[in-house]
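As provided, run36.txt (compact mmCIF, C-alpha atoms) reads as follows.
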# COMPACT_ATOMS: atom_id res chain seq x y z
CA MET A 1 -6.87 -34.96 -50.98
CA GLY A 2 -9.69 -32.77 -49.66
CA LYS A 3 -9.20 -30.42 -46.71
CA ASN A 4 -10.33 -31.56 -43.30
CA LYS A 5 -13.27 -29.36 -42.29
CA ASN A 6 -12.93 -30.25 -38.62
CA LYS A 7 -9.30 -29.15 -38.42
CA GLY A 8 -8.77 -26.71 -35.57
CA SER A 9 -12.16 -27.31 -33.92
CA PRO A 10 -12.34 -29.65 -30.89
CA ARG A 11 -14.58 -32.72 -30.96
CA ASN A 12 -15.72 -32.22 -27.40
CA TYR A 13 -17.17 -28.82 -26.57
CA THR A 14 -19.64 -27.40 -24.07
CA LEU A 15 -23.25 -27.55 -25.22
CA ALA A 16 -24.96 -25.50 -22.48
CA SER A 17 -24.63 -24.83 -18.75
CA GLY A 18 -21.34 -26.70 -18.49
CA VAL A 19 -22.64 -29.91 -20.13
CA ALA A 20 -20.04 -31.40 -22.49
CA ARG A 21 -20.89 -33.05 -25.82
CA PHE A 22 -19.10 -36.29 -24.89
CA SER A 23 -18.70 -37.73 -21.43
CA LYS A 24 -15.38 -38.48 -19.76
CA SER A 25 -15.66 -42.21 -20.49
CA ALA A 26 -16.61 -41.57 -24.12
CA MET A 27 -13.51 -39.40 -24.66
CA PHE A 28 -11.41 -42.08 -22.94
CA HIS A 29 -12.32 -44.52 -25.74
CA LYS A 30 -12.28 -41.97 -28.57
CA LYS A 31 -8.74 -40.91 -27.73
CA ALA A 32 -7.71 -44.57 -27.16
CA ILE A 33 -6.11 -43.68 -23.88
CA TYR A 34 -6.45 -47.33 -22.77
CA LYS A 35 -3.60 -48.24 -25.17
CA PHE A 36 -1.14 -46.15 -23.22
CA MET A 37 -2.30 -46.97 -19.68
CA LYS A 38 -0.13 -50.08 -19.26
CA LYS A 39 2.89 -48.66 -21.03
CA LYS A 40 5.26 -47.30 -18.45
CA ALA A 41 8.74 -46.03 -19.14
CA PRO A 42 11.38 -47.80 -17.06
CA ALA A 43 12.54 -45.73 -14.12
CA LYS A 44 16.04 -44.41 -14.55
CA GLU A 45 18.42 -45.53 -11.87
CA SER A 46 20.15 -42.56 -10.37
CA LYS A 47 23.80 -43.26 -9.69
CA LYS A 48 25.04 -41.85 -6.44
CA LYS A 49 28.11 -39.73 -6.82
CA ALA A 50 31.10 -41.05 -4.97
CA VAL A 51 32.30 -38.95 -2.04
CA PHE A 52 35.75 -40.56 -1.91
CA VAL A 53 38.01 -41.82 -4.71
CA GLU A 54 40.90 -44.22 -4.33
CA LYS A 55 44.21 -42.80 -5.55
CA LYS A 56 47.60 -44.39 -5.88
CA ILE A 57 50.36 -42.91 -3.77
CA GLY A 58 54.07 -43.44 -4.20
CA GLY A 59 56.37 -44.45 -1.41
CA ALA A 60 57.12 -47.84 0.15
CA LYS A 61 55.74 -46.94 3.59
CA ASN A 62 52.58 -45.01 2.43
CA GLY A 63 50.37 -48.05 1.76
CA GLY A 64 50.19 -47.62 -2.01
CA THR A 65 46.65 -46.17 -2.09
CA ARG A 66 44.65 -43.58 -0.20
CA MET A 67 40.96 -42.51 -0.16
CA VAL A 68 40.69 -38.85 -1.20
CA ARG A 69 37.57 -36.67 -1.18
CA VAL A 70 36.17 -35.76 -4.58
CA LYS A 71 35.08 -32.35 -3.32
CA LYS A 72 37.53 -30.80 -0.90
CA LEU A 73 36.23 -29.28 2.32
CA ALA A 74 36.73 -25.62 3.06
CA ASN A 75 40.06 -24.80 4.66
CA ASP A 76 38.93 -21.63 6.39
CA TYR A 77 35.92 -21.32 8.66
CA PRO A 78 34.74 -18.07 10.26
CA THR A 79 35.35 -17.88 13.99
CA ALA A 80 32.26 -15.70 14.53
CA VAL A 81 28.81 -15.60 12.98
CA LYS A 82 28.38 -12.83 10.43
CA ALA A 83 26.08 -10.04 11.49
CA ALA A 84 22.74 -10.03 9.69
CA LYS A 85 22.30 -7.37 7.05
CA LYS A 86 20.22 -4.45 8.24
CA PRO A 87 17.24 -3.58 6.07
CA PHE A 88 17.33 -0.29 4.25
CA ALA A 89 16.14 2.69 6.26
CA SER A 90 12.64 3.85 5.41
CA CYS A 91 12.55 6.94 3.20
CA GLN A 92 9.99 8.54 5.49
CA LYS A 93 12.19 8.10 8.56
CA SER A 94 15.46 9.13 6.93
CA HIS A 95 14.15 12.36 5.38
CA PRO A 96 10.76 14.04 4.91
CA ALA A 97 8.91 13.53 1.66
CA LYS A 98 9.59 16.07 -1.05
CA LEU A 99 6.61 18.34 -1.61
CA ARG A 100 5.11 18.94 -5.02
CA SER A 101 5.92 22.37 -6.39
CA SER A 102 2.20 23.26 -6.45
CA ILE A 103 1.84 22.78 -2.67
CA THR A 104 2.94 25.80 -0.62
CA PRO A 105 1.67 27.32 2.65
CA GLY A 106 -1.67 29.03 2.04
CA VAL A 107 -2.68 27.01 -1.01
CA VAL A 108 -6.33 25.94 -1.14
CA ALA A 109 -6.49 22.19 -1.76
CA ILE A 110 -9.25 19.65 -2.40
CA VAL A 111 -9.32 16.57 -0.15
CA LEU A 112 -9.71 13.35 -2.16
CA ALA A 113 -10.30 10.74 0.55
CA GLY A 114 -11.52 10.30 4.09
CA VAL A 115 -14.32 11.83 6.12
CA HIS A 116 -13.72 15.30 4.65
CA LYS A 117 -13.59 14.13 1.02
CA GLY A 118 -14.41 16.90 -1.46
CA LYS A 119 -13.88 19.77 0.98
CA HIS A 120 -11.69 22.78 0.25
CA VAL A 121 -8.95 23.18 2.87
CA ILE A 122 -5.96 25.47 3.45
CA VAL A 123 -2.44 24.04 3.69
CA LEU A 124 -0.54 25.53 6.64
CA LYS A 125 2.84 23.73 6.60
CA GLN A 126 4.67 20.44 6.21
CA LEU A 127 5.41 18.42 9.36
CA GLN A 128 8.62 16.52 10.09
CA SER A 129 7.08 13.21 8.97
CA GLY A 130 6.35 14.69 5.53
CA LEU A 131 2.60 14.94 6.13
CA LEU A 132 0.78 18.21 5.57
CA LEU A 133 -0.95 20.22 8.28
CA ILE A 134 -4.30 21.48 6.96
CA THR A 135 -7.37 23.25 8.30
CA GLY A 136 -10.84 24.01 6.89
CA PRO A 137 -11.04 26.29 8.75
CA MET A 138 -13.50 24.42 10.94
CA THR A 139 -15.87 27.38 11.25
CA LEU A 140 -16.50 27.28 7.47
CA ASN A 141 -16.61 23.62 6.44
CA GLY A 142 -16.10 21.57 9.61
CA CYS A 143 -12.59 20.32 8.74
CA PRO A 144 -10.37 20.61 11.85
CA LEU A 145 -6.58 20.79 12.14
CA ARG A 146 -5.35 17.46 10.86
CA ARG A 147 -2.52 15.72 9.05
CA ILE A 148 -2.85 14.40 5.51
CA ASN A 149 -0.62 12.83 2.89
CA GLN A 150 0.00 15.01 -0.17
CA ARG A 151 -1.17 12.20 -2.46
CA PHE A 152 -4.70 12.65 -1.10
CA ILE A 153 -5.11 16.30 -2.09
CA ILE A 154 -5.32 18.32 -5.30
CA ALA A 155 -3.63 21.73 -5.05
CA THR A 156 -5.54 24.56 -6.71
CA LYS A 157 -4.24 27.88 -8.03
CA THR A 158 -6.21 29.72 -5.34
CA LYS A 159 -4.06 30.92 -2.48
CA VAL A 160 -4.50 32.74 0.84
CA ASP A 161 -1.68 34.74 2.46
CA VAL A 162 -1.02 32.87 5.74
CA SER A 163 2.32 34.52 6.51
CA SER A 164 0.73 36.26 9.50
CA VAL A 165 -0.68 32.98 10.88
CA LYS A 166 1.49 31.71 13.74
CA VAL A 167 1.18 27.95 14.06
CA PRO A 168 2.30 26.76 17.53
CA ASP A 169 5.38 24.52 17.66
CA THR A 170 3.37 22.02 19.69
CA LEU A 171 1.38 21.13 16.55
CA ASN A 172 3.73 18.33 15.49
CA ASP A 173 3.36 14.63 14.69
CA ALA A 174 3.34 13.63 18.37
CA TYR A 175 0.46 16.07 18.96
CA PHE A 176 -1.76 14.26 16.44
CA ALA A 177 -0.83 10.73 17.55
CA ARG A 178 -4.09 9.20 18.74
CA VAL A 179 -4.15 7.64 22.21
CA LYS A 180 -5.97 4.31 22.34
CA ALA A 181 -8.96 4.41 24.67
CA GLU A 182 -8.93 1.71 27.35
CA ASN A 183 -12.01 -0.50 27.35
CA VAL A 184 -12.90 -1.58 30.89
CA LYS A 185 -14.79 -4.87 30.87
CA LYS A 186 -17.45 -5.37 33.52
CA ASP A 187 -18.76 -8.74 34.64
CA GLY A 188 -22.44 -9.39 34.76
CA VAL A 189 -25.41 -10.11 32.56
CA PHE A 190 -26.37 -6.46 32.01
CA ALA A 191 -22.81 -5.09 31.87
CA ASP A 192 -22.32 -2.26 29.40
CA ASN A 193 -19.06 -3.02 27.55
CA LYS A 194 -19.32 -0.38 24.83
CA LYS A 195 -16.20 1.01 23.17
CA GLN A 196 -15.26 4.51 24.16
CA LYS A 197 -15.61 6.97 21.30
CA TYR A 198 -12.83 9.41 20.50
CA ALA A 199 -13.40 12.96 21.71
CA PRO A 200 -11.02 15.93 21.19
CA SER A 201 -9.29 17.25 24.29
CA ASP A 202 -9.71 20.79 25.68
CA GLU A 203 -6.16 21.59 24.53
CA ARG A 204 -6.98 20.64 20.96
CA LYS A 205 -10.17 22.69 21.00
CA LYS A 206 -8.21 25.70 22.28
CA ASP A 207 -5.50 25.34 19.59
CA GLN A 208 -8.17 24.90 16.91
CA GLY A 209 -9.86 28.13 17.94
CA GLU A 210 -6.62 30.14 18.02
CA VAL A 211 -5.43 28.96 14.59
CA ASP A 212 -8.87 29.34 12.99
CA LYS A 213 -9.13 32.89 14.30
CA GLN A 214 -5.87 33.82 12.53
CA VAL A 215 -6.82 31.97 9.33
CA MET A 216 -10.22 33.68 9.18
CA ALA A 217 -8.51 37.06 9.58
CA ALA A 218 -6.19 36.17 6.66
CA ILE A 219 -9.19 35.16 4.52
CA SER A 220 -10.93 38.47 5.32
CA LYS A 221 -7.85 40.36 4.07
CA HIS A 222 -8.12 38.62 0.70
CA PRO A 223 -9.34 40.94 -2.14
CA GLU A 224 -12.34 38.62 -2.60
CA GLY A 225 -12.81 37.65 1.04
CA ALA A 226 -16.58 37.10 0.95
CA LEU A 227 -16.33 34.95 -2.19
CA MET A 228 -13.38 33.05 -0.70
CA LYS A 229 -15.44 32.09 2.37
CA LYS A 230 -18.20 30.71 0.12
CA TYR A 231 -15.57 28.83 -1.95
CA LEU A 232 -14.07 27.19 1.15
CA ALA A 233 -17.54 26.28 2.45
CA SER A 234 -18.46 24.58 -0.85
CA VAL A 235 -17.82 20.92 -1.72
CA PHE A 236 -16.10 19.81 -4.92
CA ARG A 237 -18.21 17.44 -7.03
CA LEU A 238 -17.95 16.08 -10.55
CA GLN A 239 -21.01 16.24 -12.79
CA LYS A 240 -21.85 14.28 -15.91
CA GLY A 241 -19.39 14.95 -18.72
CA GLN A 242 -16.73 16.44 -16.40
CA TYR A 243 -13.33 14.78 -16.26
CA PRO A 244 -10.70 15.76 -13.63
CA HIS A 245 -7.76 15.20 -16.00
CA ASN A 246 -9.17 17.90 -18.32
CA MET A 247 -9.72 20.45 -15.54
CA VAL A 248 -7.45 23.26 -14.41
CA PHE A 249 -7.66 23.69 -10.67
Would you put the structure from the file into structure tokens?
Amino acid sequence: MGKNKNKGSPRNYTLASGVARFSKSAMFHKKAIYKFMKKKAPAKESKKKAVFVEKKIGGAKNGGTRMVRVKKLANDYPTAVKAAKKPFASCQKSHPAKLRSSITPGVVAIVLAGVHKGKHVIVLKQLQSGLLLITGPMTLNGCPLRRINQRFIIATKTKVDVSSVKVPDTLNDAYFARVKAENVKKDGVFADNKKQKYAPSDERKKDQGEVDKQVMAAISKHPEGALMKKYLASVFRLQKGQYPHNMVF
């Protein structure tokens, strides 16, 4: 017997633009589906399980038989509702995130995301929440004092001695928590209901100036202070043929 050449290839296939070779009605007759349309398997009758079973009982005055439950009910019920299980405490709340060994105070890092993406910044310290406190400083590249997650920076081998920089204790997580601006709606056809833009407070400007002054002094003390200022002012970019996983920062 010769081999079937059509074995493995479907009879109905798409010709072009979703148009099939055979129509739905044509395949209905080719497959002889009409033969099986009227054939229906008889529905199986589901037998309900008995809740009670009649059992014989000895004794002249016991009635001879008694209805007994197939599945016995629980004998002991709790008198009070069990307390709901508490979800596991968040790792961030229970303890600060562990820093990578390459991230230490004074390390120059590259920001990977956000408004200041690609800028070189200096890491000052780790806050209680686990986020890092960084600065540009702002006088060099426009990056102010801000918090950032360590996953969004690349630590370089370049380092500045910031041991002399005194960061105020007020620069904590509560300090950087943004206050929502209240939008006052005015009635009228020509009412100006624009959203209020965020603007730094005088306190933040003062703290920024004090910290930047100390950081700039630390940069000047670096053996290559002039070159370091140019490095911090520059922006990190990848060019054609450069791959970050092959680079040594």
What does the distance from CA of Gly114 (chain A) to CA of Thr170 (chain A) come to in Å, to one decimal?
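Interatomic distance, CA of Gly114 (chain A) to CA of Thr170 (chain A): 24.5 Å.
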Atom pair CA of Met138 (chain A) / CA of Asp212 (chain A): separation (Å):
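Computing the Euclidean distance for CA of Met138 (chain A) and CA of Asp212 (chain A) yields 7.1 Å.
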Near region 116-133 of chain A, counting all atoms listed in the file, which residues have an atom at most 9 Å away, once you skip same-chain residues fewer than 6 positions from it, shown as a ChimeraX atom specification?
/A:92-93,95-99,103-110,141-143,145-150,159-160,162,165,167,171-173,215,231-237
Store the residues of this selection in a file with C-alpha atoms, as an mmCIF file, in the coordinates of the input.
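Saved the output as part_22.cif:
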data_model
loop_
_atom_site.group_PDB
_atom_site.id
_atom_site.type_symbol
_atom_site.label_atom_id
_atom_site.label_comp_id
_atom_site.auth_asym_id
_atom_site.auth_seq_id
_atom_site.Cartn_x
_atom_site.Cartn_y
_atom_site.Cartn_z
ATOM 1 C CA GLN A 92 9.990 8.540 5.490
ATOM 2 C CA LYS A 93 12.190 8.100 8.560
ATOM 3 C CA HIS A 95 14.150 12.360 5.380
ATOM 4 C CA PRO A 96 10.760 14.040 4.910
ATOM 5 C CA ALA A 97 8.910 13.530 1.660
ATOM 6 C CA LYS A 98 9.590 16.070 -1.050
ATOM 7 C CA LEU A 99 6.610 18.340 -1.610
ATOM 8 C CA ILE A 103 1.840 22.780 -2.670
ATOM 9 C CA THR A 104 2.940 25.800 -0.620
ATOM 10 C CA PRO A 105 1.670 27.320 2.650
ATOM 11 C CA GLY A 106 -1.670 29.030 2.040
ATOM 12 C CA VAL A 107 -2.680 27.010 -1.010
ATOM 13 C CA VAL A 108 -6.330 25.940 -1.140
ATOM 14 C CA ALA A 109 -6.490 22.190 -1.760
ATOM 15 C CA ILE A 110 -9.250 19.650 -2.400
ATOM 16 C CA ASN A 141 -16.610 23.620 6.440
ATOM 17 C CA GLY A 142 -16.100 21.570 9.610
ATOM 18 C CA CYS A 143 -12.590 20.320 8.740
ATOM 19 C CA LEU A 145 -6.580 20.790 12.140
ATOM 20 C CA ARG A 146 -5.350 17.460 10.860
ATOM 21 C CA ARG A 147 -2.520 15.720 9.050
ATOM 22 C CA ILE A 148 -2.850 14.400 5.510
ATOM 23 C CA ASN A 149 -0.620 12.830 2.890
ATOM 24 C CA GLN A 150 0.000 15.010 -0.170
ATOM 25 C CA LYS A 159 -4.060 30.920 -2.480
ATOM 26 C CA VAL A 160 -4.500 32.740 0.840
ATOM 27 C CA VAL A 162 -1.020 32.870 5.740
ATOM 28 C CA VAL A 165 -0.680 32.980 10.880
ATOM 29 C CA VAL A 167 1.180 27.950 14.060
ATOM 30 C CA LEU A 171 1.380 21.130 16.550
ATOM 31 C CA ASN A 172 3.730 18.330 15.490
ATOM 32 C CA ASP A 173 3.360 14.630 14.690
ATOM 33 C CA VAL A 215 -6.820 31.970 9.330
ATOM 34 C CA TYR A 231 -15.570 28.830 -1.950
ATOM 35 C CA LEU A 232 -14.070 27.190 1.150
ATOM 36 C CA ALA A 233 -17.540 26.280 2.450
ATOM 37 C CA SER A 234 -18.460 24.580 -0.850
ATOM 38 C CA VAL A 235 -17.820 20.920 -1.720
ATOM 39 C CA PHE A 236 -16.100 19.810 -4.920
ATOM 40 C CA ARG A 237 -18.210 17.440 -7.030
#
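With distances taken from (-18.8, -36.1, -27.3) and restricted to all atoms listed in the file, the residues inside 6 Å are Asn12, Arg21 and Phe22 of chain A.
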In Å, rounded to a single decimal, give me how far CA of Tyr243 (chain A) is from CA of Gly225 (chain A).
28.7 Å
Neighbouring residues of Ala26 (chain A) were defined as those with any atom within 12 Å, considering only C-alpha atoms; residues of the same chain fewer than 6 positions away were excluded. Please report them as a count of residues only.
6
Using the incomplete input, complete region 124-149 of chain A to the level of N, CA and C atoms; output as a tab-separated table (two decimals), in the frame of the given file.
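Listed below is the output, out27.tsv:
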chain	number	residue	atom	x	y	z
A	124	LEU	N	-1.28	24.64	5.76
A	124	LEU	CA	-0.54	25.53	6.64
A	124	LEU	C	0.97	25.31	6.57
A	125	LYS	N	1.40	24.03	6.66
A	125	LYS	CA	2.84	23.73	6.60
A	125	LYS	C	3.04	22.23	6.45
A	126	GLN	N	4.30	21.85	6.28
A	126	GLN	CA	4.67	20.44	6.21
A	126	GLN	C	5.31	20.03	7.53
A	127	LEU	N	4.86	18.91	8.09
A	127	LEU	CA	5.41	18.42	9.36
A	127	LEU	C	6.67	17.62	9.10
A	128	GLN	N	7.34	17.22	10.19
A	128	GLN	CA	8.62	16.52	10.09
A	128	GLN	C	8.47	15.16	9.41
A	129	SER	N	7.32	14.52	9.58
A	129	SER	CA	7.08	13.21	8.97
A	129	SER	C	6.84	13.30	7.47
A	130	GLY	N	6.65	14.53	6.94
A	130	GLY	CA	6.35	14.69	5.53
A	130	GLY	C	4.87	14.92	5.27
A	131	LEU	N	4.03	14.70	6.29
A	131	LEU	CA	2.60	14.94	6.13
A	131	LEU	C	2.30	16.43	6.18
A	132	LEU	N	1.17	16.81	5.62
A	132	LEU	CA	0.78	18.21	5.57
A	132	LEU	C	-0.17	18.54	6.71
A	133	LEU	N	-0.03	19.72	7.27
A	133	LEU	CA	-0.95	20.22	8.28
A	133	LEU	C	-1.97	21.11	7.57
A	134	ILE	N	-3.25	20.73	7.66
A	134	ILE	CA	-4.30	21.48	6.96
A	134	ILE	C	-5.38	21.89	7.95
A	135	THR	N	-6.18	22.85	7.55
A	135	THR	CA	-7.37	23.25	8.30
A	135	THR	C	-8.42	23.73	7.33
A	136	GLY	N	-9.70	23.68	7.76
A	136	GLY	CA	-10.84	24.01	6.89
A	136	GLY	C	-10.91	25.46	6.43
A	137	PRO	N	-10.97	26.44	7.30
A	137	PRO	CA	-11.04	26.29	8.75
A	137	PRO	C	-12.35	25.66	9.20
A	138	MET	N	-12.37	25.19	10.44
A	138	MET	CA	-13.50	24.42	10.94
A	138	MET	C	-14.79	25.23	10.98
A	139	THR	N	-14.67	26.53	11.18
A	139	THR	CA	-15.87	27.38	11.25
A	139	THR	C	-16.59	27.47	9.91
A	140	LEU	N	-15.89	27.17	8.80
A	140	LEU	CA	-16.50	27.28	7.47
A	140	LEU	C	-17.01	25.94	6.94
A	141	ASN	N	-16.19	24.90	7.03
A	141	ASN	CA	-16.61	23.62	6.44
A	141	ASN	C	-16.49	22.43	7.38
A	142	GLY	N	-16.13	22.66	8.65
A	142	GLY	CA	-16.10	21.57	9.61
A	142	GLY	C	-14.85	20.71	9.59
A	143	CYS	N	-13.84	21.08	8.79
A	143	CYS	CA	-12.59	20.32	8.74
A	143	CYS	C	-11.63	20.88	9.79
A	144	PRO	N	-11.24	20.09	10.79
A	144	PRO	CA	-10.37	20.61	11.85
A	144	PRO	C	-8.91	20.56	11.44
A	145	LEU	N	-8.03	20.95	12.35
A	145	LEU	CA	-6.58	20.79	12.14
A	145	LEU	C	-6.27	19.31	12.07
A	146	ARG	N	-5.65	18.89	11.01
A	146	ARG	CA	-5.35	17.46	10.86
A	146	ARG	C	-4.18	17.27	9.90
A	147	ARG	N	-3.61	16.07	9.97
A	147	ARG	CA	-2.52	15.72	9.05
A	147	ARG	C	-3.09	14.96	7.86
A	148	ILE	N	-2.42	15.12	6.71
A	148	ILE	CA	-2.85	14.40	5.51
A	148	ILE	C	-1.66	14.21	4.58
A	149	ASN	N	-1.67	13.11	3.87
A	149	ASN	CA	-0.62	12.83	2.89
A	149	ASN	C	-0.89	13.65	1.63
